[in-house]
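Listing of protein35.cif, mmCIF, C-alpha atoms; chains and numbers go by the auth columns
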data_upload
loop_
_atom_site.group_PDB
_atom_site.id
_atom_site.type_symbol
_atom_site.label_atom_id
_atom_site.label_comp_id
_atom_site.label_asym_id
_atom_site.label_seq_id
_atom_site.Cartn_x
_atom_site.Cartn_y
_atom_site.Cartn_z
_atom_site.B_iso_or_equiv
_atom_site.auth_seq_id
_atom_site.auth_asym_id
ATOM 1 C CA MET A 1 -2.459 -7.994 14.988 0.00 13 A
ATOM 2 C CA SER A 2 -0.623 -6.930 18.163 0.00 14 A
ATOM 3 C CA ASP A 3 2.497 -8.809 17.094 0.00 15 A
ATOM 4 C CA ILE A 4 2.590 -7.047 13.705 0.00 16 A
ATOM 5 C CA ALA A 5 4.636 -3.840 13.465 0.00 17 A
ATOM 6 C CA ILE A 6 4.397 -1.217 10.710 0.00 18 A
ATOM 7 C CA THR A 7 7.612 0.527 9.656 0.00 19 A
ATOM 8 C CA VAL A 8 8.586 2.801 6.803 0.00 20 A
ATOM 9 C CA ILE A 9 11.381 1.876 4.400 0.00 21 A
ATOM 10 C CA LYS A 10 14.003 4.581 4.713 0.00 22 A
ATOM 11 C CA ALA A 11 16.824 3.354 2.480 0.00 23 A
ATOM 12 C CA GLU A 12 17.185 1.550 -0.835 0.00 24 A
ATOM 13 C CA GLU A 13 18.945 -1.388 0.796 0.00 25 A
ATOM 14 C CA ASP A 14 15.830 -1.990 2.918 0.00 26 A
ATOM 15 C CA LEU A 15 13.891 -2.705 -0.286 0.00 27 A
ATOM 16 C CA ILE A 16 15.595 -6.091 -0.441 0.00 28 A
ATOM 17 C CA ASP A 17 13.204 -7.170 2.326 0.00 29 A
ATOM 18 C CA LEU A 18 10.316 -6.600 -0.086 0.00 30 A
ATOM 19 C CA ILE A 19 11.550 -8.638 -3.058 0.00 31 A
ATOM 20 C CA SER A 20 9.551 -11.783 -2.268 0.00 32 A
ATOM 21 C CA LEU A 21 6.424 -9.728 -1.512 0.00 33 A
ATOM 22 C CA LYS A 22 6.773 -7.805 -4.797 0.00 34 A
ATOM 23 C CA GLN A 23 7.191 -11.089 -6.666 0.00 35 A
ATOM 24 C CA ALA A 24 4.010 -12.471 -5.079 0.00 36 A
ATOM 25 C CA CYS A 25 2.093 -9.257 -5.805 0.00 37 A
ATOM 26 C CA ASP A 26 3.109 -9.121 -9.460 0.00 38 A
ATOM 27 C CA GLU A 27 2.397 -12.819 -9.929 0.00 39 A
ATOM 28 C CA LEU A 28 -1.273 -12.042 -9.263 0.00 40 A
ATOM 29 C CA TYR A 29 -1.432 -9.542 -12.133 0.00 41 A
ATOM 30 C CA VAL A 30 1.330 -10.190 -14.659 0.00 42 A
ATOM 31 C CA GLY A 31 2.692 -13.630 -13.847 0.00 43 A
ATOM 32 C CA PRO A 32 5.951 -14.744 -12.236 0.00 44 A
ATOM 33 C CA ILE A 33 8.895 -12.325 -12.173 0.00 45 A
ATOM 34 C CA SER A 34 12.516 -12.865 -11.172 0.00 46 A
ATOM 35 C CA GLU A 35 14.142 -11.458 -8.040 0.00 47 A
ATOM 36 C CA ASP A 36 16.130 -9.059 -10.243 0.00 48 A
ATOM 37 C CA SER A 37 12.958 -7.810 -11.944 0.00 49 A
ATOM 38 C CA ALA A 38 11.224 -7.366 -8.590 0.00 50 A
ATOM 39 C CA LEU A 39 14.155 -5.383 -7.183 0.00 51 A
ATOM 40 C CA HIS A 40 14.344 -3.253 -10.345 0.00 52 A
ATOM 41 C CA LYS A 41 10.628 -2.417 -10.080 0.00 53 A
ATOM 42 C CA LEU A 42 10.974 -1.564 -6.387 0.00 54 A
ATOM 43 C CA LEU A 43 13.966 0.690 -7.042 0.00 55 A
ATOM 44 C CA ASN A 44 12.090 2.514 -9.800 0.00 56 A
ATOM 45 C CA MET A 45 9.062 2.963 -7.546 0.00 57 A
ATOM 46 C CA ASN A 46 11.258 4.081 -4.631 0.00 58 A
ATOM 47 C CA ALA A 47 12.438 7.193 -6.461 0.00 59 A
ATOM 48 C CA TYR A 48 9.068 8.848 -5.818 0.00 60 A
ATOM 49 C CA SER A 49 7.372 6.606 -3.289 0.00 61 A
ATOM 50 C CA ASP A 50 7.069 5.709 0.351 0.00 62 A
ATOM 51 C CA PHE A 51 6.852 2.075 1.401 0.00 63 A
ATOM 52 C CA TYR A 52 5.198 0.999 4.625 0.00 64 A
ATOM 53 C CA VAL A 53 6.028 -2.559 5.635 0.00 65 A
ATOM 54 C CA ALA A 54 4.134 -4.841 7.983 0.00 66 A
ATOM 55 C CA ARG A 55 6.383 -7.272 9.833 0.00 67 A
ATOM 56 C CA ARG A 56 5.821 -10.148 12.186 0.00 68 A
ATOM 57 C CA GLY A 57 9.086 -10.263 14.057 0.00 69 A
ATOM 58 C CA GLN A 58 11.702 -9.695 11.364 0.00 70 A
ATOM 59 C CA GLN A 59 9.593 -11.230 8.577 0.00 71 A
ATOM 60 C CA PRO A 60 7.984 -8.793 6.108 0.00 72 A
ATOM 61 C CA ILE A 61 4.390 -9.937 5.596 0.00 73 A
ATOM 62 C CA GLY A 62 2.893 -7.044 3.651 0.00 74 A
ATOM 63 C CA TYR A 63 3.488 -3.586 2.236 0.00 75 A
ATOM 64 C CA VAL A 64 1.755 -0.581 0.782 0.00 76 A
ATOM 65 C CA GLN A 65 3.351 1.926 -1.549 0.00 77 A
ATOM 66 C CA GLY A 66 2.262 5.501 -2.074 0.00 78 A
ATOM 67 C CA ASN A 67 3.395 9.029 -2.815 0.00 79 A
ATOM 68 C CA ALA A 68 2.523 12.645 -2.142 0.00 80 A
ATOM 69 C CA VAL A 69 1.589 14.911 -5.035 0.00 81 A
ATOM 70 C CA GLY A 70 0.497 18.454 -4.297 0.00 82 A
ATOM 71 C CA GLU A 71 -1.885 18.385 -1.340 0.00 83 A
ATOM 72 C CA ALA A 72 -2.799 14.705 -1.754 0.00 84 A
ATOM 73 C CA TYR A 73 -1.242 11.407 -0.816 0.00 85 A
ATOM 74 C CA TYR A 74 -1.915 8.521 -3.206 0.00 86 A
ATOM 75 C CA SER A 75 -2.127 5.022 -1.741 0.00 87 A
ATOM 76 C CA GLU A 76 -1.098 2.785 -4.598 0.00 88 A
ATOM 77 C CA GLU A 77 0.143 -0.793 -4.549 0.00 89 A
ATOM 78 C CA MET A 78 -0.665 -3.020 -1.570 0.00 90 A
ATOM 79 C CA TYR A 79 0.076 -6.655 -0.899 0.00 91 A
ATOM 80 C CA VAL A 80 -0.347 -8.818 2.208 0.00 92 A
ATOM 81 C CA MET A 81 0.694 -12.477 2.289 0.00 93 A
ATOM 82 C CA PRO A 82 -2.412 -14.695 2.120 0.00 94 A
ATOM 83 C CA GLU A 83 -1.842 -16.312 5.516 0.00 95 A
ATOM 84 C CA PHE A 84 -1.851 -12.865 7.192 0.00 96 A
ATOM 85 C CA ARG A 85 -4.961 -11.464 5.529 0.00 97 A
ATOM 86 C CA ARG A 86 -8.068 -10.549 7.533 0.00 98 A
ATOM 87 C CA GLN A 87 -5.979 -9.894 10.626 0.00 99 A
ATOM 88 C CA GLY A 88 -5.873 -6.082 10.452 0.00 100 A
ATOM 89 C CA CYS A 89 -2.558 -5.867 8.607 0.00 101 A
ATOM 90 C CA ALA A 90 -3.875 -4.012 5.529 0.00 102 A
ATOM 91 C CA SER A 91 -5.897 -1.606 7.680 0.00 103 A
ATOM 92 C CA ALA A 92 -2.796 -0.840 9.747 0.00 104 A
ATOM 93 C CA LEU A 93 -0.818 -0.123 6.567 0.00 105 A
ATOM 94 C CA ILE A 94 -3.506 2.276 5.312 0.00 106 A
ATOM 95 C CA LYS A 95 -3.714 3.989 8.707 0.00 107 A
ATOM 96 C CA ALA A 96 0.069 4.517 8.616 0.00 108 A
ATOM 97 C CA GLN A 97 -0.330 6.321 5.286 0.00 109 A
ATOM 98 C CA ILE A 98 -3.175 8.452 6.671 0.00 110 A
ATOM 99 C CA GLU A 99 -1.069 9.413 9.690 0.00 111 A
ATOM 100 C CA PHE A 100 1.875 10.320 7.440 0.00 112 A
ATOM 101 C CA ALA A 101 -0.402 12.505 5.295 0.00 113 A
ATOM 102 C CA ARG A 102 -1.846 14.183 8.399 0.00 114 A
ATOM 103 C CA LYS A 103 1.613 14.937 9.840 0.00 115 A
ATOM 104 C CA SER A 104 2.742 16.225 6.434 0.00 116 A
ATOM 105 C CA GLY A 105 -0.138 18.701 6.233 0.00 117 A
ATOM 106 C CA LEU A 106 -1.757 17.022 3.238 0.00 118 A
ATOM 107 C CA LYS A 107 -5.498 17.398 2.699 0.00 119 A
ATOM 108 C CA THR A 108 -6.492 13.987 1.381 0.00 120 A
ATOM 109 C CA VAL A 109 -5.414 10.387 0.871 0.00 121 A
ATOM 110 C CA GLN A 110 -6.700 8.795 -2.325 0.00 122 A
ATOM 111 C CA THR A 111 -6.640 5.426 -4.027 0.00 123 A
ATOM 112 C CA VAL A 112 -7.917 4.175 -7.370 0.00 124 A
ATOM 113 C CA LEU A 113 -9.329 0.653 -7.550 0.00 125 A
ATOM 114 C CA SER A 114 -11.056 -1.501 -10.116 0.00 126 A
ATOM 115 C CA LYS A 115 -14.786 -1.651 -9.467 0.00 127 A
ATOM 116 C CA GLU A 116 -14.336 -5.436 -9.511 0.00 128 A
ATOM 117 C CA ASN A 117 -12.024 -5.252 -6.468 0.00 129 A
ATOM 118 C CA SER A 118 -14.828 -5.514 -3.912 0.00 130 A
ATOM 119 C CA THR A 119 -12.452 -6.648 -1.156 0.00 131 A
ATOM 120 C CA GLY A 120 -10.189 -3.627 -1.645 0.00 132 A
ATOM 121 C CA ILE A 121 -13.128 -1.229 -1.842 0.00 133 A
ATOM 122 C CA LYS A 122 -14.581 -2.599 1.394 0.00 134 A
ATOM 123 C CA LEU A 123 -11.176 -2.366 3.107 0.00 135 A
ATOM 124 C CA TYR A 124 -10.682 1.302 2.219 0.00 136 A
ATOM 125 C CA GLU A 125 -14.297 2.150 3.091 0.00 137 A
ATOM 126 C CA GLN A 126 -13.820 0.523 6.514 0.00 138 A
ATOM 127 C CA CYS A 127 -10.826 2.845 6.966 0.00 139 A
ATOM 128 C CA GLY A 128 -13.054 5.875 6.323 0.00 140 A
ATOM 129 C CA PHE A 129 -12.593 6.398 2.578 0.00 141 A
ATOM 130 C CA GLN A 130 -15.530 7.555 0.449 0.00 142 A
ATOM 131 C CA CYS A 131 -16.202 7.560 -3.280 0.00 143 A
ATOM 132 C CA ALA A 132 -14.741 10.706 -4.864 0.00 144 A
ATOM 133 C CA ALA A 133 -15.048 9.795 -8.561 0.00 145 A
ATOM 134 C CA HIS A 134 -15.763 6.833 -10.797 0.00 146 A
ATOM 135 C CA SER A 135 -15.686 5.646 -14.377 0.00 147 A
ATOM 136 C CA ASP A 136 -17.154 2.563 -15.995 0.00 148 A
ATOM 137 C CA THR A 137 -14.398 0.371 -14.563 0.00 149 A
ATOM 138 C CA MET A 138 -12.536 2.351 -11.877 0.00 150 A
ATOM 139 C CA LEU A 139 -13.382 3.957 -8.556 0.00 151 A
ATOM 140 C CA THR A 140 -11.484 6.736 -6.790 0.00 152 A
ATOM 141 C CA LEU A 141 -11.822 6.619 -3.022 0.00 153 A
ATOM 142 C CA ALA A 142 -10.697 9.512 -0.825 0.00 154 A
ATOM 143 C CA TYR A 143 -10.093 10.111 2.852 0.00 155 A
ATOM 144 C CA GLY A 144 -10.382 13.765 3.857 0.00 156 A
ATOM 145 C CA ILE A 145 -7.975 14.990 6.505 0.00 157 A
ATOM 146 C CA SER A 146 -9.274 17.698 8.797 0.00 158 A
#

Encoded form using structure tokens:
Amino acid sequence: MSDIAITVIKAEEDLIDLISLKQACDELYVGPISEDSALHKLLNMNAYSDFYVARRGQQPIGYVQGNAVGEAYYSEEMYVMPEFRRQGCASALIKAQIEFARKSGLKTVQTVLSKENSTGIKLYEQCGFQCAAHSDTMLTLAYGIS
């Protein structure tokens, strides 16, 4: 993990680095998408979102997207390339969001996951998140900032 750096995307042109990651992420849920579709989705998300990118050298290997609403920060879409999973990359991305929320004076970081996403639930719980609400199929996990 020491050779993986976390940065925040600061400009729309930096989103181009995420196109292949967005394509891989969407392929898991909706099937293959074109580069143009991936860029369009990223641009639409960017209007209200922050993107944290994990890089090994110059290569983007993962990202997490989120946004602040009121006193909460919502951790939303995350993707890490399969060959870089279980190396601390996802945890580092989540911790970057927590630190941003803390510095911004927000009170909580939240995420909503399918109850079937046991890997994601375990990841967020290992980062200090706890169950805040649930339905038959979804679970809201929250990290309180003190």

Gap from CA of Ile133 in chain A to CA of Leu27 in chain A - Å, one decimal: 27.1 Å

Taking only C-alpha atoms into account, produce a table as a Markdown table in which each residue of range 43-101 of chain A with an atom at most 12 Å from an atom of range 145-153 of chain A appears once, together with its shortest atom pair and the distance in Å to one decimal, ordered by chain and rising number.
| residue | atom | partner | partner_atom | distance |
| --- | --- | --- | --- | --- |
| A:Tyr85 | CA | A:Leu153 | CA | 11.8 |
| A:Tyr86 | CA | A:Leu153 | CA | 10.1 |
| A:Ser87 | CA | A:Leu153 | CA | 9.9 |
| A:Glu88 | CA | A:Thr152 | CA | 11.3 |

Can you spit out the residues from that selection as a tab-separated table (two decimals), keeping the file's coordinate frame, using C-alpha atoms?
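Once written, selection-v6.tsv looks like this:
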chain	number	residue	atom	x	y	z
A	85	TYR	CA	-1.24	11.41	-0.82
A	86	TYR	CA	-1.92	8.52	-3.21
A	87	SER	CA	-2.13	5.02	-1.74
A	88	GLU	CA	-1.10	2.78	-4.60

Nearest-residue call for Gly117 in chain A, choices A:Cys143, A:Ala104, A:Ile157, A:Val81, using only C-alpha atoms: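 Comparing A:Cys143, A:Ala104, A:Ile157, A:Val81 against Gly117 in chain A, the winner is A:Ile157.
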
One-decimal distance in Å that lies between CA of Leu135 in chain A and CA of Met93 in chain A: 15.6 Å

With 10 Å as the cut-off and all atoms listed in the file counted, what is the closest atom pair between each nearby residue of range 113-153 of chain A and range 54-78 of chain A? Distances in Å to one decimal, ordered by chain and number, as a Markdown table.
| residue | atom | partner | partner_atom | distance |
| --- | --- | --- | --- | --- |
| A:Val121 | CA | A:Gly78 | CA | 9.6 |
| A:Gln122 | CA | A:Gly78 | CA | 9.6 |
| A:Thr123 | CA | A:Gly78 | CA | 9.1 |

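Between CA of Arg114 in chain A and CA of Ala102 in chain A lies a distance of 18.5 Å.
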
Selected range 50-86 of chain A, written as a CSV table (one decimal), in the first residue's frame, N, CA and C atoms:
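Generated output (part.csv):
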chain,number,residue,atom,x,y,z
A,50,ALA,N,-19.0,6.6,-20.4
A,50,ALA,CA,-18.3,6.6,-19.1
A,50,ALA,C,-18.0,8.1,-18.8
A,51,LEU,N,-17.4,8.8,-19.7
A,51,LEU,CA,-17.0,10.2,-19.5
A,51,LEU,C,-18.3,11.0,-19.2
A,52,HIS,N,-19.4,10.8,-19.9
A,52,HIS,CA,-20.6,11.5,-19.7
A,52,HIS,C,-21.1,11.3,-18.3
A,53,LYS,N,-21.1,10.1,-17.8
A,53,LYS,CA,-21.5,9.8,-16.5
A,53,LYS,C,-20.7,10.5,-15.4
A,54,LEU,N,-19.3,10.4,-15.7
A,54,LEU,CA,-18.4,11.1,-14.7
A,54,LEU,C,-18.6,12.6,-14.7
A,55,LEU,N,-18.8,13.2,-15.8
A,55,LEU,CA,-19.1,14.6,-15.9
A,55,LEU,C,-20.4,15.0,-15.2
A,56,ASN,N,-21.4,14.2,-15.3
A,56,ASN,CA,-22.7,14.4,-14.6
A,56,ASN,C,-22.5,14.3,-13.1
A,57,MET,N,-21.8,13.3,-12.7
A,57,MET,CA,-21.5,13.1,-11.3
A,57,MET,C,-20.6,14.2,-10.7
A,58,ASN,N,-19.7,14.7,-11.5
A,58,ASN,CA,-18.7,15.7,-11.0
A,58,ASN,C,-19.4,17.0,-10.6
A,59,ALA,N,-20.6,17.3,-11.2
A,59,ALA,CA,-21.2,18.6,-10.9
A,59,ALA,C,-21.5,18.7,-9.4
A,60,TYR,N,-21.7,17.6,-8.7
A,60,TYR,CA,-22.0,17.7,-7.3
A,60,TYR,C,-21.1,16.8,-6.4
A,61,SER,N,-20.1,16.2,-7.0
A,61,SER,CA,-19.3,15.2,-6.3
A,61,SER,C,-17.9,15.5,-6.2
A,62,ASP,N,-17.2,14.8,-5.2
A,62,ASP,CA,-15.8,14.7,-5.1
A,62,ASP,C,-15.4,13.4,-5.5
A,63,PHE,N,-14.2,13.3,-6.2
A,63,PHE,CA,-13.6,12.0,-6.5
A,63,PHE,C,-12.2,11.9,-5.9
A,64,TYR,N,-12.0,10.8,-5.2
A,64,TYR,CA,-10.7,10.5,-4.6
A,64,TYR,C,-10.2,9.4,-5.5
A,65,VAL,N,-9.0,9.5,-5.9
A,65,VAL,CA,-8.4,8.5,-6.8
A,65,VAL,C,-7.1,7.9,-6.2
A,66,ALA,N,-7.1,6.6,-6.3
A,66,ALA,CA,-5.9,5.8,-5.8
A,66,ALA,C,-5.0,5.6,-7.0
A,67,ARG,N,-3.7,5.9,-6.9
A,67,ARG,CA,-2.8,5.7,-8.0
A,67,ARG,C,-1.6,4.9,-7.6
A,68,ARG,N,-1.1,4.1,-8.5
A,68,ARG,CA,0.2,3.5,-8.3
A,68,ARG,C,1.0,4.1,-9.4
A,69,GLY,N,2.0,4.9,-9.0
A,69,GLY,CA,2.7,5.7,-10.0
A,69,GLY,C,1.7,6.7,-10.6
A,70,GLN,N,1.6,6.7,-11.9
A,70,GLN,CA,0.7,7.6,-12.6
A,70,GLN,C,-0.6,6.8,-12.9
A,71,GLN,N,-0.7,5.5,-12.7
A,71,GLN,CA,-1.8,4.7,-13.1
A,71,GLN,C,-2.9,4.8,-12.1
A,72,PRO,N,-4.1,5.2,-12.5
A,72,PRO,CA,-5.3,5.2,-11.6
A,72,PRO,C,-5.7,3.7,-11.4
A,73,ILE,N,-5.8,3.3,-10.1
A,73,ILE,CA,-6.2,1.9,-9.8
A,73,ILE,C,-7.5,1.8,-9.1
A,74,GLY,N,-8.1,2.9,-8.6
A,74,GLY,CA,-9.3,2.9,-7.9
A,74,GLY,C,-9.8,4.3,-7.7
A,75,TYR,N,-11.1,4.4,-7.3
A,75,TYR,CA,-11.7,5.7,-7.0
A,75,TYR,C,-12.9,5.5,-6.1
A,76,VAL,N,-13.2,6.6,-5.4
A,76,VAL,CA,-14.5,6.6,-4.6
A,76,VAL,C,-15.1,8.0,-4.9
A,77,GLN,N,-16.4,8.0,-5.0
A,77,GLN,CA,-17.1,9.3,-5.3
A,77,GLN,C,-18.0,9.5,-4.1
A,78,GLY,N,-18.2,10.8,-3.8
A,78,GLY,CA,-19.1,11.2,-2.7
A,78,GLY,C,-19.4,12.6,-2.8
A,79,ASN,N,-20.3,13.0,-1.9
A,79,ASN,CA,-20.7,14.5,-1.9
A,79,ASN,C,-21.2,14.8,-0.5
A,80,ALA,N,-21.1,16.1,-0.2
A,80,ALA,CA,-21.6,16.7,1.1
A,80,ALA,C,-23.0,17.2,0.9
A,81,VAL,N,-23.9,16.9,1.8
A,81,VAL,CA,-25.2,17.4,1.9
A,81,VAL,C,-25.5,17.7,3.3
A,82,GLY,N,-25.8,19.0,3.6
A,82,GLY,CA,-26.0,19.4,4.9
A,82,GLY,C,-24.8,19.2,5.8
A,83,GLU,N,-25.0,18.5,6.9
A,83,GLU,CA,-23.9,18.2,7.8
A,83,GLU,C,-23.3,16.8,7.6
A,84,ALA,N,-23.7,16.1,6.5
A,84,ALA,CA,-23.2,14.8,6.2
A,84,ALA,C,-22.4,14.7,4.9
A,85,TYR,N,-21.5,13.8,4.9
A,85,TYR,CA,-20.8,13.4,3.6
A,85,TYR,C,-21.3,12.0,3.2
A,86,TYR,N,-21.7,11.8,2.0
A,86,TYR,CA,-22.1,10.6,1.5
A,86,TYR,C,-21.1,9.9,0.6
